file structure.pdb (PDB, C-alpha atoms)
ATOM      1  CA  ARG N   1      73.044 110.050 115.744  1.00  0.00           C
ATOM      2  CA  LYS N   2      74.712 106.664 115.900  1.00  0.00           C
ATOM      3  CA  VAL N   3      77.464 105.296 113.666  1.00  0.00           C
ATOM      4  CA  LEU N   4      78.694 101.706 113.445  1.00  0.00           C
ATOM      5  CA  TYR N   5      82.018 100.710 111.897  1.00  0.00           C
ATOM      6  CA  VAL N   6      82.625  97.012 111.152  1.00  0.00           C
ATOM      7  CA  ASP N   7      86.219  95.944 110.458  1.00  0.00           C
ATOM      8  CA  ASP N   8      88.449  93.054 111.472  1.00  0.00           C
ATOM      9  CA  GLU N   9      91.482  95.364 111.862  1.00  0.00           C
ATOM     10  CA  ALA N  10      91.656  96.563 115.477  1.00  0.00           C
ATOM     11  CA  SER N  11      93.995  99.457 114.620  1.00  0.00           C
ATOM     12  CA  LEU N  12      91.503 100.894 112.121  1.00  0.00           C
ATOM     13  CA  LEU N  13      88.658 100.634 114.620  1.00  0.00           C
ATOM     14  CA  SER N  14      90.779 102.371 117.239  1.00  0.00           C
ATOM     15  CA  SER N  15      91.662 105.196 114.847  1.00  0.00           C
ATOM     16  CA  PHE N  16      88.003 105.597 113.913  1.00  0.00           C
ATOM     17  CA  VAL N  17      86.952 105.870 117.566  1.00  0.00           C
ATOM     18  CA  SER N  18      89.685 108.454 118.177  1.00  0.00           C
ATOM     19  CA  LEU N  19      88.563 110.545 115.208  1.00  0.00           C
ATOM     20  CA  MET N  20      84.895 110.350 116.164  1.00  0.00           C
ATOM     21  CA  ARG N  21      85.481 111.513 119.756  1.00  0.00           C
ATOM     22  CA  LYS N  22      85.543 115.081 118.457  1.00  0.00           C
ATOM     23  CA  GLN N  23      82.132 114.711 116.831  1.00  0.00           C
ATOM     24  CA  ASN N  24      78.707 114.773 118.446  1.00  0.00           C
ATOM     25  CA  VAL N  25      78.089 111.176 117.402  1.00  0.00           C
ATOM     26  CA  GLN N  26      77.492 107.988 119.326  1.00  0.00           C
ATOM     27  CA  THR N  27      80.030 105.501 117.945  1.00  0.00           C
ATOM     28  CA  ALA N  28      80.039 101.705 118.004  1.00  0.00           C
ATOM     29  CA  VAL N  29      82.584  99.333 116.502  1.00  0.00           C
ATOM     30  CA  LEU N  30      82.473  95.643 115.693  1.00  0.00           C
ATOM     31  CA  ASN N  31      85.565  93.569 114.933  1.00  0.00           C
ATOM     32  CA  ASP N  32      83.777  90.271 114.263  1.00  0.00           C
ATOM     33  CA  SER N  33      81.306  90.564 111.406  1.00  0.00           C
ATOM     34  CA  ARG N  34      79.647  87.273 112.422  1.00  0.00           C
ATOM     35  CA  ASN N  35      77.974  89.265 115.232  1.00  0.00           C
ATOM     36  CA  ILE N  36      76.395  91.867 112.951  1.00  0.00           C
ATOM     37  CA  GLU N  37      72.807  90.682 113.519  1.00  0.00           C
ATOM     38  CA  THR N  38      73.193  90.926 117.302  1.00  0.00           C
ATOM     39  CA  ILE N  39      74.665  94.432 117.347  1.00  0.00           C
ATOM     40  CA  LEU N  40      72.069  95.673 114.853  1.00  0.00           C
ATOM     41  CA  GLN N  41      69.188  94.306 116.909  1.00  0.00           C
ATOM     42  CA  GLU N  42      70.584  95.391 120.285  1.00  0.00           C
ATOM     43  CA  GLY N  43      72.179  98.703 119.299  1.00  0.00           C
ATOM     44  CA  GLY N  44      70.287  99.809 116.229  1.00  0.00           C
ATOM     45  CA  PRO N  45      69.092 101.570 114.380  1.00  0.00           C
ATOM     46  CA  PHE N  46      72.246 103.364 113.257  1.00  0.00           C
ATOM     47  CA  ALA N  47      72.247 106.460 111.072  1.00  0.00           C
ATOM     48  CA  VAL N  48      75.338 105.188 109.225  1.00  0.00           C
ATOM     49  CA  VAL N  49      77.057 101.798 109.019  1.00  0.00           C
ATOM     50  CA  LEU N  50      80.534 101.555 107.537  1.00  0.00           C
ATOM     51  CA  SER N  51      81.941  98.137 106.712  1.00  0.00           C
ATOM     52  CA  ASP N  52      85.262  96.848 105.467  1.00  0.00           C
ATOM     53  CA  GLN N  53      84.876  94.799 102.292  1.00  0.00           C
ATOM     54  CA  ARG N  54      87.374  92.041 103.012  1.00  0.00           C
ATOM     55  CA  MET N  55      86.692  90.209 106.268  1.00  0.00           C
ATOM     56  CA  PRO N  56      86.735  86.528 107.168  1.00  0.00           C
ATOM     57  CA  VAL N  57      83.437  84.624 107.308  1.00  0.00           C
ATOM     58  CA  VAL N  58      80.996  87.519 106.619  1.00  0.00           C
ATOM     59  CA  ASP N  59      82.284  90.017 104.038  1.00  0.00           C
ATOM     60  CA  GLY N  60      81.315  93.665 103.790  1.00  0.00           C
ATOM     61  CA  VAL N  61      78.687  93.128 101.116  1.00  0.00           C
ATOM     62  CA  ALA N  62      76.848  90.625 103.322  1.00  0.00           C
ATOM     63  CA  VAL N  63      77.158  92.942 106.339  1.00  0.00           C
ATOM     64  CA  LEU N  64      75.593  95.845 104.459  1.00  0.00           C
ATOM     65  CA  GLU N  65      72.863  93.614 103.013  1.00  0.00           C
ATOM     66  CA  ARG N  66      71.896  92.609 106.556  1.00  0.00           C
ATOM     67  CA  VAL N  67      71.819  96.255 107.593  1.00  0.00           C
ATOM     68  CA  ALA N  68      69.583  97.100 104.631  1.00  0.00           C
ATOM     69  CA  ARG N  69      67.193  94.281 105.483  1.00  0.00           C
ATOM     70  CA  LEU N  70      66.743  95.407 109.109  1.00  0.00           C
ATOM     71  CA  TYR N  71      67.089  99.177 108.655  1.00  0.00           C
ATOM     72  CA  PRO N  72      66.511 100.182 105.016  1.00  0.00           C
ATOM     73  CA  ASP N  73      66.892 103.902 105.807  1.00  0.00           C
ATOM     74  CA  THR N  74      70.391 103.481 107.257  1.00  0.00           C
ATOM     75  CA  VAL N  75      73.167 104.939 105.119  1.00  0.00           C
ATOM     76  CA  ARG N  76      75.567 102.128 104.211  1.00  0.00           C
ATOM     77  CA  VAL N  77      79.194 102.717 103.207  1.00  0.00           C
ATOM     78  CA  MET N  78      81.716 100.165 101.960  1.00  0.00           C
ATOM     79  CA  VAL N  79      85.271 100.862 103.118  1.00  0.00           C
ATOM     80  CA  THR N  80      88.266  99.065 101.650  1.00  0.00           C
ATOM     81  CA  GLY N  81      91.979  99.498 101.254  1.00  0.00           C
ATOM     82  CA  TYR N  82      92.011  96.857  98.526  1.00  0.00           C
ATOM     83  CA  ALA N  83      92.725  97.935  94.993  1.00  0.00           C
ATOM     84  CA  ASP N  84      92.987  95.938  91.790  1.00  0.00           C
ATOM     85  CA  HIS N  85      95.759  97.620  89.867  1.00  0.00           C
ATOM     86  CA  ASN N  86      94.583  95.868  86.704  1.00  0.00           C
ATOM     87  CA  ASP N  87      91.444  98.050  86.629  1.00  0.00           C
ATOM     88  CA  THR N  88      91.652 100.954  84.194  1.00  0.00           C
TER      89      THR N  88
END
call {"tool": "encode", "arguments": {"input": "structure.pdb", "output": "structure tokens"}}
result
Amino acid sequence: RKVLYVDDEASLLSSFVSLMRKQNVQTAVLNDSRNIETILQEGGPFAVVLSDQRMPVVDGVAVLERVARLYPDTVRVMVTGYADHNDT
């Protein structure tokens, strides 16, 4: 069981690793979404990939699309702290 979390915020990645230490899960993190292809090919497949939505260069949608292309059975989860308060 391997989980990958992609986010450009180092503090969130650190918190995730700390939380996952208590689980029986192999955890990987990536803070530069431009390297998603490399980590997927070298470290994959992952059971679950979580990705922040808002990142520079390669956003979360593109990250998860790349995951789906290489590993269609991988569970993909979009994570974001962004909210549009105009939505009702």
call {"tool": "resolve_selection", "arguments": {"input": "structure.pdb", "expression": "the PyMOL selection byres ((chain N and resi 7-15) around 6)", "output": "list in words"}}
result
Val6, Phe16, Val17, Ser18, Asn31 and Asp52 of chain N
call {"tool": "write_last_selection", "arguments": {"input": "structure.pdb", "atoms": "C-alpha atoms", "output": "tab-separated table (two decimals), keeping the file's coordinate frame"}}
result
chain	number	residue	atom	x	y	z
N	6	VAL	CA	82.62	97.01	111.15
N	16	PHE	CA	88.00	105.60	113.91
N	17	VAL	CA	86.95	105.87	117.57
N	18	SER	CA	89.68	108.45	118.18
N	31	ASN	CA	85.56	93.57	114.93
N	52	ASP	CA	85.26	96.85	105.47
call {"tool": "residues_around", "arguments": {"input": "structure.pdb", "residues": "Thr38 (chain N)", "least_positions_apart": "4", "cutoff": "12 Å", "atoms": "all atoms listed in the file", "output": "PDB file with C-alpha atoms, keeping the file's coordinate frame"}}
result
ATOM      1  CA  LEU N  30      82.473  95.643 115.693  1.00  0.00           C
ATOM      2  CA  ASP N  32      83.777  90.271 114.263  1.00  0.00           C
ATOM      3  CA  SER N  33      81.306  90.564 111.406  1.00  0.00           C
ATOM      4  CA  ARG N  34      79.647  87.273 112.422  1.00  0.00           C
ATOM      5  CA  GLU N  42      70.584  95.391 120.285  1.00  0.00           C
ATOM      6  CA  GLY N  43      72.179  98.703 119.299  1.00  0.00           C
ATOM      7  CA  GLY N  44      70.287  99.809 116.229  1.00  0.00           C
ATOM      8  CA  PRO N  45      69.092 101.570 114.380  1.00  0.00           C
ATOM      9  CA  VAL N  63      77.158  92.942 106.339  1.00  0.00           C
ATOM     10  CA  ARG N  66      71.896  92.609 106.556  1.00  0.00           C
ATOM     11  CA  VAL N  67      71.819  96.255 107.593  1.00  0.00           C
ATOM     12  CA  LEU N  70      66.743  95.407 109.109  1.00  0.00           C
TER      13      LEU N  70
END
call {"tool": "resolve_selection", "arguments": {"input": "structure.pdb", "expression": "the PyMOL selection byres ((chain N and resi 49) around 8)", "output": "number ranges by chain"}}
result
N: 3-6, 46-48, 50-51, 64, 67, 74-77
call {"tool": "atom_distance", "arguments": {"input": "structure.pdb", "atom1": "CA of Val79 (chain N)", "atom2": "CA of Lys2 (chain N)"}}
result
17.6 Å
call {"tool": "atom_distance", "arguments": {"input": "structure.pdb", "atom1": "CA of Ala62 (chain N)", "atom2": "CA of Asn24 (chain N)"}}
result
28.6 Å
call {"tool": "closest_residue", "arguments": {"input": "structure.pdb", "among": "N:Thr80, N:Thr27, N:Pro72, N:Asn35", "to": "Gly60 (chain N)", "atoms": "all atoms listed in the file"}}
result
N:Thr80
call {"tool": "atom_distance", "arguments": {"input": "structure.pdb", "atom1": "CA of Val61 (chain N)", "atom2": "CA of Met78 (chain N)"}}
result
7.7 Å
